[in-house]
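start_26.cif (mmCIF, C-alpha atoms, pLDDT in the B column; chains and numbers go by the auth columns)
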```cif
data_input
loop_
_atom_site.group_PDB
_atom_site.id
_atom_site.type_symbol
_atom_site.label_atom_id
_atom_site.label_comp_id
_atom_site.label_asym_id
_atom_site.label_seq_id
_atom_site.Cartn_x
_atom_site.Cartn_y
_atom_site.Cartn_z
_atom_site.B_iso_or_equiv
_atom_site.auth_seq_id
_atom_site.auth_asym_id
ATOM 1 C CA MET A 1 -2.646 56.149 181.232 76.00 47 Y
ATOM 2 C CA CYS A 2 -0.784 53.778 183.527 91.00 48 Y
ATOM 3 C CA GLY A 3 -1.281 50.206 182.371 96.00 49 Y
ATOM 4 C CA ARG A 4 1.797 48.453 183.738 98.00 50 Y
ATOM 5 C CA TYR A 5 4.144 49.079 186.639 98.00 51 Y
ATOM 6 C CA ALA A 6 6.807 47.408 188.753 98.00 52 Y
ATOM 7 C CA ALA A 7 6.564 46.692 192.487 98.00 53 Y
ATOM 8 C CA SER A 8 9.317 44.887 194.387 97.00 54 Y
ATOM 9 C CA ARG A 9 8.786 45.886 198.036 98.00 55 Y
ATOM 10 C CA ASP A 10 6.998 43.667 200.542 97.00 56 Y
ATOM 11 C CA ALA A 11 4.295 44.815 202.962 97.00 57 Y
ATOM 12 C CA ALA A 12 6.650 45.342 205.905 97.00 58 Y
ATOM 13 C CA THR A 13 9.015 47.509 203.859 98.00 59 Y
ATOM 14 C CA LEU A 14 6.120 49.590 202.547 98.00 60 Y
ATOM 15 C CA ALA A 15 4.697 49.978 206.050 98.00 61 Y
ATOM 16 C CA GLU A 16 8.002 51.423 207.239 98.00 62 Y
ATOM 17 C CA PHE A 17 8.289 53.813 204.288 98.00 63 Y
ATOM 18 C CA PHE A 18 4.696 55.040 204.472 98.00 64 Y
ATOM 19 C CA ALA A 19 4.537 55.079 208.295 98.00 65 Y
ATOM 20 C CA ALA A 20 1.711 52.532 208.334 98.00 66 Y
ATOM 21 C CA GLU A 21 0.777 50.912 211.635 97.00 67 Y
ATOM 22 C CA GLU A 22 -0.904 47.769 210.333 95.00 68 Y
ATOM 23 C CA LEU A 23 -0.121 45.099 207.747 96.00 69 Y
ATOM 24 C CA PRO A 24 -2.541 43.065 205.619 95.00 70 Y
ATOM 25 C CA LEU A 25 -4.580 40.452 207.430 89.00 71 Y
ATOM 26 C CA ALA A 26 -3.301 36.904 207.213 84.00 72 Y
ATOM 27 C CA THR A 27 -6.415 36.005 205.225 84.00 73 Y
ATOM 28 C CA ALA A 28 -5.731 38.646 202.545 85.00 74 Y
ATOM 29 C CA PRO A 29 -4.549 37.532 199.090 88.00 75 Y
ATOM 30 C CA SER A 30 -0.784 37.698 198.595 91.00 76 Y
ATOM 31 C CA PRO A 31 0.462 39.911 195.769 96.00 77 Y
ATOM 32 C CA ARG A 32 3.377 38.598 193.752 95.00 78 Y
ATOM 33 C CA ILE A 33 6.542 40.187 195.183 96.00 79 Y
ATOM 34 C CA PRO A 34 8.725 41.145 193.471 98.00 80 Y
ATOM 35 C CA ASP A 35 6.523 41.871 190.466 98.00 81 Y
ATOM 36 C CA TYR A 36 8.338 43.456 187.540 98.00 82 Y
ATOM 37 C CA ASN A 37 5.284 43.530 185.289 98.00 83 Y
ATOM 38 C CA VAL A 38 2.139 44.321 187.286 98.00 84 Y
ATOM 39 C CA THR A 39 -0.868 43.830 185.018 97.00 85 Y
ATOM 40 C CA PRO A 40 -4.564 44.758 185.410 97.00 86 Y
ATOM 41 C CA THR A 41 -6.707 42.599 187.750 96.00 87 Y
ATOM 42 C CA ARG A 42 -3.606 41.463 189.685 97.00 88 Y
ATOM 43 C CA GLU A 43 -3.533 41.761 193.481 97.00 89 Y
ATOM 44 C CA VAL A 44 -1.392 44.725 194.579 98.00 90 Y
ATOM 45 C CA PHE A 45 -0.476 46.546 197.771 98.00 91 Y
ATOM 46 C CA ILE A 46 -2.181 49.819 198.621 98.00 92 Y
ATOM 47 C CA VAL A 47 -1.879 52.193 201.584 98.00 93 Y
ATOM 48 C CA LEU A 48 -5.071 53.500 203.189 98.00 94 Y
ATOM 49 C CA GLU A 49 -6.446 54.942 206.416 97.00 95 Y
ATOM 50 C CA HIS A 50 -9.388 53.503 208.335 93.00 96 Y
ATOM 51 C CA ASP A 51 -10.646 54.604 211.733 93.00 97 Y
ATOM 52 C CA GLY A 52 -7.601 56.820 212.129 94.00 98 Y
ATOM 53 C CA THR A 53 -5.110 54.025 211.464 97.00 99 Y
ATOM 54 C CA ARG A 54 -2.840 53.881 208.431 98.00 100 Y
ATOM 55 C CA ARG A 55 -2.366 50.405 207.036 98.00 101 Y
ATOM 56 C CA VAL A 56 -0.937 48.493 204.099 98.00 102 Y
ATOM 57 C CA ASP A 57 -3.669 46.454 202.464 98.00 103 Y
ATOM 58 C CA VAL A 58 -4.264 44.359 199.361 98.00 104 Y
ATOM 59 C CA ALA A 59 -6.568 45.228 196.456 98.00 105 Y
ATOM 60 C CA ARG A 60 -7.234 43.972 192.964 97.00 106 Y
ATOM 61 C CA TRP A 61 -6.068 46.478 190.341 98.00 107 Y
ATOM 62 C CA GLY A 62 -9.141 47.513 188.372 98.00 108 Y
ATOM 63 C CA LEU A 63 -11.970 49.206 190.275 97.00 109 Y
ATOM 64 C CA ILE A 64 -15.270 47.395 190.743 97.00 110 Y
ATOM 65 C CA PRO A 65 -17.934 49.879 191.916 95.00 111 Y
ATOM 66 C CA SER A 66 -19.908 48.666 194.924 93.00 112 Y
ATOM 67 C CA TRP A 67 -23.123 48.713 192.872 93.00 113 Y
ATOM 68 C CA SER A 68 -21.688 46.728 189.943 93.00 114 Y
ATOM 69 C CA LYS A 69 -23.487 43.508 189.010 91.00 115 Y
ATOM 70 C CA ASP A 70 -20.240 41.769 188.083 90.00 116 Y
ATOM 71 C CA ALA A 71 -16.502 42.333 187.707 91.00 117 Y
ATOM 72 C CA SER A 72 -16.411 42.201 183.911 90.00 118 Y
ATOM 73 C CA ARG A 73 -15.351 45.842 183.488 88.00 119 Y
ATOM 74 C CA ALA A 74 -12.588 45.825 186.110 91.00 120 Y
ATOM 75 C CA SER A 75 -9.735 45.477 183.613 90.00 121 Y
ATOM 76 C CA ARG A 76 -10.924 48.677 181.894 91.00 122 Y
ATOM 77 C CA MET A 77 -11.098 50.659 185.150 96.00 123 Y
ATOM 78 C CA ILE A 78 -7.442 50.590 186.133 98.00 124 Y
ATOM 79 C CA ASN A 79 -7.184 54.358 185.644 98.00 125 Y
ATOM 80 C CA ALA A 80 -9.438 57.263 186.624 98.00 126 Y
ATOM 81 C CA ARG A 81 -8.992 60.630 184.932 98.00 127 Y
ATOM 82 C CA SER A 82 -8.317 63.340 187.509 98.00 128 Y
ATOM 83 C CA GLU A 83 -10.422 65.792 185.483 97.00 129 Y
ATOM 84 C CA THR A 84 -13.638 63.799 185.986 97.00 130 Y
ATOM 85 C CA VAL A 85 -13.041 61.407 188.885 97.00 131 Y
ATOM 86 C CA ALA A 86 -15.015 63.491 191.389 96.00 132 Y
ATOM 87 C CA HIS A 87 -18.183 63.317 189.290 96.00 133 Y
ATOM 88 C CA LYS A 88 -18.233 60.072 187.290 96.00 134 Y
ATOM 89 C CA PRO A 89 -20.647 57.586 188.906 96.00 135 Y
ATOM 90 C CA ALA A 90 -18.105 54.759 188.835 95.00 136 Y
ATOM 91 C CA TYR A 91 -15.567 56.709 190.895 97.00 137 Y
ATOM 92 C CA ARG A 92 -17.213 59.539 192.835 96.00 138 Y
ATOM 93 C CA SER A 93 -18.151 57.543 195.934 96.00 139 Y
ATOM 94 C CA ALA A 94 -14.640 56.112 196.305 97.00 140 Y
ATOM 95 C CA PHE A 95 -13.144 59.528 195.572 98.00 141 Y
ATOM 96 C CA GLY A 96 -15.135 61.089 198.385 96.00 142 Y
ATOM 97 C CA LYS A 97 -14.299 58.548 201.097 96.00 143 Y
ATOM 98 C CA ARG A 98 -11.886 55.846 199.977 98.00 144 Y
ATOM 99 C CA ARG A 99 -8.665 57.363 198.675 98.00 145 Y
ATOM 100 C CA CYS A 100 -5.420 55.431 198.860 98.00 146 Y
ATOM 101 C CA LEU A 101 -1.809 55.368 197.718 98.00 147 Y
ATOM 102 C CA VAL A 102 -0.628 52.751 195.241 98.00 148 Y
ATOM 103 C CA PRO A 103 3.124 52.162 195.796 98.00 149 Y
ATOM 104 C CA ALA A 104 5.340 51.406 192.802 98.00 150 Y
ATOM 105 C CA ASP A 105 9.020 51.193 191.940 98.00 151 Y
ATOM 106 C CA GLY A 106 8.151 52.848 188.639 98.00 152 Y
ATOM 107 C CA TYR A 107 5.800 52.483 185.714 98.00 153 Y
ATOM 108 C CA TYR A 108 5.965 51.616 182.032 98.00 154 Y
ATOM 109 C CA GLU A 109 4.662 53.744 179.200 98.00 155 Y
ATOM 110 C CA TRP A 110 4.717 53.186 175.459 97.00 156 Y
ATOM 111 C CA GLN A 111 5.854 55.788 172.949 96.00 157 Y
ATOM 112 C CA VAL A 112 4.473 55.720 169.416 94.00 158 Y
ATOM 113 C CA ARG A 113 7.287 55.799 166.837 90.00 159 Y
ATOM 114 C CA ALA A 114 7.119 56.828 163.182 88.00 160 Y
ATOM 115 C CA ARG A 115 8.341 53.363 162.234 87.00 161 Y
ATOM 116 C CA GLY A 116 8.308 50.036 163.986 87.00 162 Y
ATOM 117 C CA PRO A 117 6.563 48.971 167.180 91.00 163 Y
ATOM 118 C CA LYS A 118 5.826 51.231 170.125 95.00 164 Y
ATOM 119 C CA GLN A 119 8.851 51.742 172.377 96.00 165 Y
ATOM 120 C CA PRO A 120 8.276 51.031 176.094 97.00 166 Y
ATOM 121 C CA PHE A 121 9.956 53.258 178.677 98.00 167 Y
ATOM 122 C CA PHE A 122 10.457 52.678 182.393 98.00 168 Y
ATOM 123 C CA ILE A 123 9.837 55.808 184.473 98.00 169 Y
ATOM 124 C CA HIS A 124 10.971 55.976 188.098 98.00 170 Y
ATOM 125 C CA ASP A 125 12.280 58.211 190.869 98.00 171 Y
ATOM 126 C CA GLU A 126 15.903 59.215 190.319 96.00 172 Y
ATOM 127 C CA ARG A 127 16.724 58.190 193.918 96.00 173 Y
ATOM 128 C CA SER A 128 14.941 54.838 193.484 95.00 174 Y
ATOM 129 C CA GLN A 129 12.410 55.790 196.158 97.00 175 Y
ATOM 130 C CA PRO A 130 8.904 54.303 195.934 98.00 176 Y
ATOM 131 C CA LEU A 131 6.415 56.313 193.920 98.00 177 Y
ATOM 132 C CA ALA A 132 3.041 56.961 195.558 98.00 178 Y
ATOM 133 C CA PHE A 133 0.287 57.010 192.944 98.00 179 Y
ATOM 134 C CA ALA A 134 -2.972 58.714 193.903 98.00 180 Y
ATOM 135 C CA GLY A 135 -5.491 55.882 194.042 98.00 181 Y
ATOM 136 C CA LEU A 136 -9.043 55.029 194.998 98.00 182 Y
ATOM 137 C CA TYR A 137 -10.349 51.796 196.428 98.00 183 Y
ATOM 138 C CA GLU A 138 -13.755 50.179 196.630 97.00 184 Y
ATOM 139 C CA ASP A 139 -15.333 47.139 198.287 96.00 185 Y
ATOM 140 C CA TRP A 140 -17.638 44.930 196.236 95.00 186 Y
ATOM 141 C CA ASN A 141 -19.668 41.954 197.406 93.00 187 Y
ATOM 142 C CA GLY A 142 -19.037 39.369 194.709 88.00 188 Y
ATOM 143 C CA PRO A 143 -20.520 35.878 194.347 90.00 189 Y
ATOM 144 C CA ASP A 144 -17.425 34.360 195.964 88.00 190 Y
ATOM 145 C CA GLY A 145 -17.180 36.918 198.764 89.00 191 Y
ATOM 146 C CA PRO A 146 -16.016 40.511 199.241 93.00 192 Y
ATOM 147 C CA VAL A 147 -13.459 41.968 196.812 95.00 193 Y
ATOM 148 C CA ARG A 148 -11.375 45.078 197.468 97.00 194 Y
ATOM 149 C CA SER A 149 -10.278 46.756 194.238 98.00 195 Y
ATOM 150 C CA CYS A 150 -8.416 49.936 193.283 98.00 196 Y
ATOM 151 C CA THR A 151 -7.682 52.346 190.472 98.00 197 Y
ATOM 152 C CA ILE A 152 -4.924 54.899 189.756 98.00 198 Y
ATOM 153 C CA CYS A 153 -5.708 58.559 189.075 98.00 199 Y
ATOM 154 C CA THR A 154 -4.067 60.036 185.976 98.00 200 Y
ATOM 155 C CA MET A 155 -3.359 63.510 184.608 98.00 201 Y
ATOM 156 C CA ASP A 156 -1.797 65.226 181.604 98.00 202 Y
ATOM 157 C CA ALA A 157 1.885 64.304 181.373 97.00 203 Y
ATOM 158 C CA ARG A 158 4.396 66.915 182.527 95.00 204 Y
ATOM 159 C CA GLY A 159 7.523 68.092 180.711 93.00 205 Y
ATOM 160 C CA ASP A 160 9.337 65.664 178.452 94.00 206 Y
ATOM 161 C CA LEU A 161 7.186 62.797 179.740 96.00 207 Y
ATOM 162 C CA GLY A 162 4.595 64.108 177.311 96.00 208 Y
ATOM 163 C CA ARG A 163 6.866 63.005 174.474 95.00 209 Y
ATOM 164 C CA ILE A 164 6.425 59.416 175.638 97.00 210 Y
ATOM 165 C CA HIS A 165 2.691 59.479 176.376 97.00 211 Y
ATOM 166 C CA ASP A 166 0.113 62.202 176.949 97.00 212 Y
ATOM 167 C CA ARG A 167 -0.958 60.854 180.366 97.00 213 Y
ATOM 168 C CA MET A 168 0.832 59.972 183.601 98.00 214 Y
ATOM 169 C CA PRO A 169 -0.161 58.883 187.122 98.00 215 Y
ATOM 170 C CA VAL A 170 -0.913 61.573 189.699 98.00 216 Y
ATOM 171 C CA LEU A 171 1.941 61.388 192.213 98.00 217 Y
ATOM 172 C CA VAL A 172 1.309 62.202 195.880 98.00 218 Y
ATOM 173 C CA PRO A 173 4.329 63.747 197.648 98.00 219 Y
ATOM 174 C CA ARG A 174 5.021 62.839 201.271 97.00 220 Y
ATOM 175 C CA SER A 175 3.750 66.255 202.377 97.00 221 Y
ATOM 176 C CA ALA A 176 0.271 65.419 201.008 98.00 222 Y
ATOM 177 C CA TRP A 177 -0.101 61.816 202.211 98.00 223 Y
ATOM 178 C CA ASP A 178 -2.072 62.744 205.335 97.00 224 Y
ATOM 179 C CA VAL A 179 -4.694 64.863 203.599 97.00 225 Y
ATOM 180 C CA TRP A 180 -5.076 62.551 200.593 98.00 226 Y
ATOM 181 C CA LEU A 181 -5.634 59.506 202.815 98.00 227 Y
ATOM 182 C CA ASP A 182 -7.975 61.232 205.290 97.00 228 Y
ATOM 183 C CA PRO A 183 -11.515 59.927 204.575 96.00 229 Y
ATOM 184 C CA ALA A 184 -12.942 62.994 206.311 94.00 230 Y
ATOM 185 C CA ALA A 185 -10.992 65.555 204.284 92.00 231 Y
ATOM 186 C CA ALA A 186 -13.283 68.494 203.583 89.00 232 Y
ATOM 187 C CA ASP A 187 -12.226 69.205 199.996 95.00 233 Y
ATOM 188 C CA PRO A 188 -10.770 66.155 198.228 96.00 234 Y
ATOM 189 C CA GLU A 189 -11.443 67.732 194.836 97.00 235 Y
ATOM 190 C CA GLY A 190 -9.326 70.723 195.825 97.00 236 Y
ATOM 191 C CA THR A 191 -6.595 68.415 197.120 97.00 237 Y
ATOM 192 C CA LEU A 192 -6.481 66.540 193.815 98.00 238 Y
ATOM 193 C CA ARG A 193 -6.483 69.796 191.873 97.00 239 Y
ATOM 194 C CA GLY A 194 -3.525 70.957 193.933 98.00 240 Y
ATOM 195 C CA LEU A 195 -1.625 67.720 193.287 98.00 241 Y
ATOM 196 C CA VAL A 196 -2.144 68.152 189.549 98.00 242 Y
ATOM 197 C CA GLU A 197 -1.294 71.860 189.493 97.00 243 Y
ATOM 198 C CA ASP A 198 1.844 71.401 191.607 96.00 244 Y
ATOM 199 C CA ALA A 199 3.004 68.230 189.833 96.00 245 Y
ATOM 200 C CA ASP A 200 6.729 68.162 189.128 92.00 246 Y
ATOM 201 C CA ALA A 201 8.326 65.471 186.984 92.00 247 Y
ATOM 202 C CA SER A 202 11.870 66.791 187.429 93.00 248 Y
ATOM 203 C CA GLU A 203 12.845 63.957 189.798 95.00 249 Y
ATOM 204 C CA LEU A 204 11.645 61.243 187.432 97.00 250 Y
ATOM 205 C CA VAL A 205 13.987 59.363 185.133 97.00 251 Y
ATOM 206 C CA ALA A 206 12.830 57.683 181.917 97.00 252 Y
ATOM 207 C CA TYR A 207 14.720 55.248 179.720 97.00 253 Y
ATOM 208 C CA PRO A 208 13.765 52.725 177.005 97.00 254 Y
ATOM 209 C CA VAL A 209 13.365 49.065 177.923 98.00 255 Y
ATOM 210 C CA SER A 210 12.754 45.850 176.035 97.00 256 Y
ATOM 211 C CA THR A 211 9.456 45.246 174.242 96.00 257 Y
ATOM 212 C CA ARG A 212 9.345 41.991 176.246 97.00 258 Y
ATOM 213 C CA VAL A 213 7.431 43.940 178.893 98.00 259 Y
ATOM 214 C CA GLY A 214 4.440 43.922 176.550 96.00 260 Y
ATOM 215 C CA LYS A 215 3.790 40.248 177.316 97.00 261 Y
ATOM 216 C CA PRO A 216 2.311 39.684 180.810 96.00 262 Y
ATOM 217 C CA ALA A 217 4.010 36.279 181.021 97.00 263 Y
ATOM 218 C CA ASN A 218 7.406 38.002 181.072 98.00 264 Y
ATOM 219 C CA ASN A 219 8.179 38.937 184.666 98.00 265 Y
ATOM 220 C CA ASP A 220 11.865 39.159 185.517 98.00 266 Y
ATOM 221 C CA PRO A 221 14.297 41.901 186.648 98.00 267 Y
ATOM 222 C CA GLN A 222 15.765 42.135 183.153 98.00 268 Y
ATOM 223 C CA LEU A 223 12.594 43.977 182.113 98.00 269 Y
ATOM 224 C CA LEU A 224 14.042 47.010 183.922 98.00 270 Y
ATOM 225 C CA ASP A 225 17.331 46.930 182.005 98.00 271 Y
ATOM 226 C CA PRO A 226 17.909 49.870 179.625 97.00 272 Y
ATOM 227 C CA VAL A 227 18.131 48.912 175.974 95.00 273 Y
ATOM 228 C CA PRO A 228 20.602 50.481 173.530 84.00 274 Y
ATOM 229 C CA GLY A 229 19.395 52.929 170.956 63.00 275 Y
ATOM 230 C CA ASP A 230 17.656 56.291 170.934 57.00 276 Y
ATOM 231 C CA PRO A 231 17.078 57.240 174.582 53.00 277 Y
ATOM 232 C CA SER A 232 14.652 60.045 173.738 51.00 278 Y
ATOM 233 C CA PRO A 233 12.910 61.943 175.156 50.00 279 Y
ATOM 234 C CA SER A 234 15.798 62.248 177.601 45.00 280 Y
ATOM 235 C CA ALA A 235 17.512 60.399 180.413 39.00 281 Y
ATOM 236 C CA ARG A 236 15.845 62.778 182.862 46.00 282 Y
ATOM 237 C CA ALA A 237 12.161 63.354 182.304 44.00 283 Y
#
```
Please render this file's structure as structure tokens.
Amino acid sequence: MCGRYAASRDAATLAEFFAAEELPLATAPSPRIPDYNVTPTREVFIVLEHDGTRRVDVARWGLIPSWSKDASRASRMINARSETVAHKPAYRSAFGKRRCLVPADGYYEWQVRARGPKQPFFIHDERSQPLAFAGLYEDWNGPDGPVRSCTICTMDARGDLGRIHDRMPVLVPRSAWDVWLDPAAADPEGTLRGLVEDADASELVAYPVSTRVGKPANNDPQLLDPVPGDPSPSARA
């Protein structure tokens, strides 16, 4: 799964990188930037297309289906399994029409050790480029007004990343941004299948970081610092 990630870039920087034409509305919530420990239900930036225009927008991390009576399950819907996302009632409508990219500097994953606490790793692009997670978004009419929320699609981990955790986010390469974001794409299930089948983790770097990241209250750049000790599975994932 992907339960924590880091995001340091503001909306304007993301718009330039993802070739977006519009920024969030002035009335949209403001995500914390930089955020070195993004946690579920926090406001985050996403990239989407609407009426032929690509834009950076804001969504709450943890999908709330449009038909949901309340938002109580949002914190448990931060991830959607790529194997079932096209058919599960909670995700299939968003998967068909409301796909997005969730930008991140990198993400954290915890490795189970034979002894002691789980070891967190930070996993990021070796060139320090933003990662583009395959995401879905949904609009829900809550008691206090409309809420836009999102989730991150996951898949079986590739290569040595599987030695850290058995799941990882689905990454969307630049060449697939247009088709993934297109609400009118004819075969989104085939697109997702292609992203999973062609996934390559060779440009990702993983290294151990402090267990401080496990506490949501800790949110500082030192969370990204490597810690001494066993760097397994490897410096390059």
Could you name the residues that touch Gly152 of chain Y at 9 Å or less, counting all atoms listed in the file, but leaving out those on the same chain fewer than 2 positions away, as a VMD selection string?
chain Y and resid 51 to 53 149 to 150 154 168 to 171 174 176 to 177
For this file, the PyMOL selection byres ((chain Y and resi 128-136) around 7) selects which residues, as a PDB file with C-alpha atoms, in the frame of the given file?
```pdb
ATOM      1  CA  PRO Y 111     -17.934  49.879 191.916  1.00 95.00           C
ATOM      2  CA  ALA Y 126      -9.438  57.263 186.624  1.00 98.00           C
ATOM      3  CA  ARG Y 127      -8.992  60.630 184.932  1.00 98.00           C
ATOM      4  CA  TYR Y 137     -15.567  56.709 190.895  1.00 97.00           C
ATOM      5  CA  ARG Y 138     -17.213  59.539 192.835  1.00 96.00           C
ATOM      6  CA  PHE Y 141     -13.144  59.528 195.572  1.00 98.00           C
ATOM      7  CA  CYS Y 199      -5.708  58.559 189.075  1.00 98.00           C
ATOM      8  CA  THR Y 200      -4.067  60.036 185.976  1.00 98.00           C
ATOM      9  CA  MET Y 201      -3.359  63.510 184.608  1.00 98.00           C
ATOM     10  CA  GLU Y 235     -11.443  67.732 194.836  1.00 97.00           C
TER      11      GLU Y 235
END
```
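The closest residue to Pro166 of chain Y, picked from Y:Asp271, Y:Ala263, Y:Tyr253, Y:Arg78 and counting all atoms listed in the file, is Y:Tyr253.
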Centre and size of axis-aligned box enclosing segment 231-240 of chain Y plus 6 Å each side, as lines of an AutoDock Vina configuration file:
```
center_x = -8.4
center_y = 68.3
center_z = 198.1
size_x = 21.8
size_y = 17.4
size_z = 24.4
```
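Between atom CA of Arg50 of chain Y and atom CA of Val84 of chain Y there is a distance of 5.5 Å.
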Determine, for each residue of segment 117-222 of chain Y having at least one atom at most 7 Å from an atom of segment 92-106 of chain Y, the closest pair of atoms and their separation in Å to one decimal, counting all atoms listed in the file; order by chain and ascending number, as a Markdown table.
```
| residue | atom | partner | partner_atom | distance |
| --- | --- | --- | --- | --- |
| Y:Arg145 | CA | Y:Leu94 | CA | 6.9 |
| Y:Cys146 | CA | Y:Leu94 | CA | 4.8 |
| Y:Leu147 | CA | Y:Val93 | CA | 5.0 |
| Y:Val148 | CA | Y:Ile92 | CA | 4.7 |
| Y:Pro149 | CA | Y:Ile92 | CA | 6.5 |
| Y:Arg194 | CA | Y:Ala105 | CA | 4.9 |
| Y:Ser195 | CA | Y:Arg106 | CA | 4.3 |
| Y:Cys196 | CA | Y:Ala105 | CA | 6.0 |
```
Near-segment 208-216 of chain Y list (8 Å; all atoms listed in the file; drop same-chain fewer than 4 positions) as a PyMOL selection string
chain Y and resi 47-48+128+155-158+167+179-180+198-204+241-242+245+279
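Considering all atoms listed in the file, the residue among Y:Leu60, Y:Leu217, Y:Ala140, Y:Val193 positioned nearest to Ala120 of chain Y is Y:Val193.
Relative to atom CA of Trp186 of chain Y, atom CA of Ser114 of chain Y is found at 7.7 Å.
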Running the PyMOL selection byres ((chain Y and resi 266-270) around 8) on this model by hand, what would come out? Give it as a PyMOL selection string.
chain Y and resi 81-83+168+255-256+258-259+264-265+271-272
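Separating atom CA of Pro254 of chain Y from atom CA of Tyr153 of chain Y is a distance of 11.8 Å.
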Skip Val225 of chain Y itself and residues of its chain fewer than 4 positions away, then list as an MDAnalysis selection string all residues within 9 Å of it, counting only C-alpha atoms.
chainID Y and resid 221 229:231 234 237
Residues matched by the PyMOL selection byres ((chain Y and resi 58) around 12), written as an mmCIF file with C-alpha atoms, in the coordinates of the input:
```cif
data_model
loop_
_atom_site.group_PDB
_atom_site.id
_atom_site.type_symbol
_atom_site.label_atom_id
_atom_site.label_comp_id
_atom_site.auth_asym_id
_atom_site.auth_seq_id
_atom_site.Cartn_x
_atom_site.Cartn_y
_atom_site.Cartn_z
ATOM 1 C CA SER Y 54 9.317 44.887 194.387
ATOM 2 C CA ARG Y 55 8.786 45.886 198.036
ATOM 3 C CA ASP Y 56 6.998 43.667 200.542
ATOM 4 C CA ALA Y 57 4.295 44.815 202.962
ATOM 5 C CA THR Y 59 9.015 47.509 203.859
ATOM 6 C CA LEU Y 60 6.120 49.590 202.547
ATOM 7 C CA ALA Y 61 4.697 49.978 206.050
ATOM 8 C CA GLU Y 62 8.002 51.423 207.239
ATOM 9 C CA PHE Y 63 8.289 53.813 204.288
ATOM 10 C CA PHE Y 64 4.696 55.040 204.472
ATOM 11 C CA ALA Y 65 4.537 55.079 208.295
ATOM 12 C CA ALA Y 66 1.711 52.532 208.334
ATOM 13 C CA GLU Y 67 0.777 50.912 211.635
ATOM 14 C CA GLU Y 68 -0.904 47.769 210.333
ATOM 15 C CA LEU Y 69 -0.121 45.099 207.747
ATOM 16 C CA PRO Y 70 -2.541 43.065 205.619
ATOM 17 C CA ILE Y 79 6.542 40.187 195.183
ATOM 18 C CA PHE Y 91 -0.476 46.546 197.771
ATOM 19 C CA VAL Y 93 -1.879 52.193 201.584
ATOM 20 C CA ARG Y 101 -2.366 50.405 207.036
ATOM 21 C CA VAL Y 102 -0.937 48.493 204.099
ATOM 22 C CA ASP Y 103 -3.669 46.454 202.464
#
```
Some atoms are absent from segment 229-243 of chain Y, so rebuild N, CA and C atoms and return them as a compact mmCIF listing (two decimals), in the coordinates of the input.
```txt
# COMPACT_ATOMS: atom_id res chain seq x y z
N PRO Y 229 -10.16 60.10 205.13
CA PRO Y 229 -11.52 59.93 204.58
C PRO Y 229 -12.44 61.10 204.88
N ALA Y 230 -12.09 61.87 205.90
CA ALA Y 230 -12.94 62.99 206.31
C ALA Y 230 -12.46 64.33 205.76
N ALA Y 231 -11.50 64.31 204.85
CA ALA Y 231 -10.99 65.56 204.28
C ALA Y 231 -12.13 66.36 203.68
N ALA Y 232 -12.15 67.66 203.96
CA ALA Y 232 -13.28 68.49 203.58
C ALA Y 232 -13.36 68.76 202.08
N ASP Y 233 -12.22 68.81 201.41
CA ASP Y 233 -12.23 69.20 200.00
C ASP Y 233 -11.30 68.31 199.19
N PRO Y 234 -11.65 67.04 198.99
CA PRO Y 234 -10.77 66.16 198.23
C PRO Y 234 -10.57 66.62 196.79
N GLU Y 235 -11.59 67.25 196.21
CA GLU Y 235 -11.44 67.73 194.84
C GLU Y 235 -10.37 68.82 194.77
N GLY Y 236 -10.36 69.69 195.78
CA GLY Y 236 -9.33 70.72 195.82
C GLY Y 236 -7.95 70.13 196.06
N THR Y 237 -7.88 69.09 196.88
CA THR Y 237 -6.60 68.42 197.12
C THR Y 237 -6.06 67.83 195.83
N LEU Y 238 -6.92 67.13 195.08
CA LEU Y 238 -6.48 66.54 193.82
C LEU Y 238 -6.07 67.62 192.83
N ARG Y 239 -6.83 68.70 192.78
CA ARG Y 239 -6.48 69.80 191.87
C ARG Y 239 -5.11 70.36 192.22
N GLY Y 240 -4.83 70.46 193.51
CA GLY Y 240 -3.52 70.96 193.93
C GLY Y 240 -2.41 70.00 193.55
N LEU Y 241 -2.64 68.69 193.68
CA LEU Y 241 -1.62 67.72 193.29
C LEU Y 241 -1.31 67.83 191.80
N VAL Y 242 -2.34 68.03 190.99
CA VAL Y 242 -2.14 68.15 189.55
C VAL Y 242 -1.43 69.45 189.21
N GLU Y 243 -1.89 70.56 189.81
CA GLU Y 243 -1.29 71.86 189.49
C GLU Y 243 0.15 71.96 189.95
```
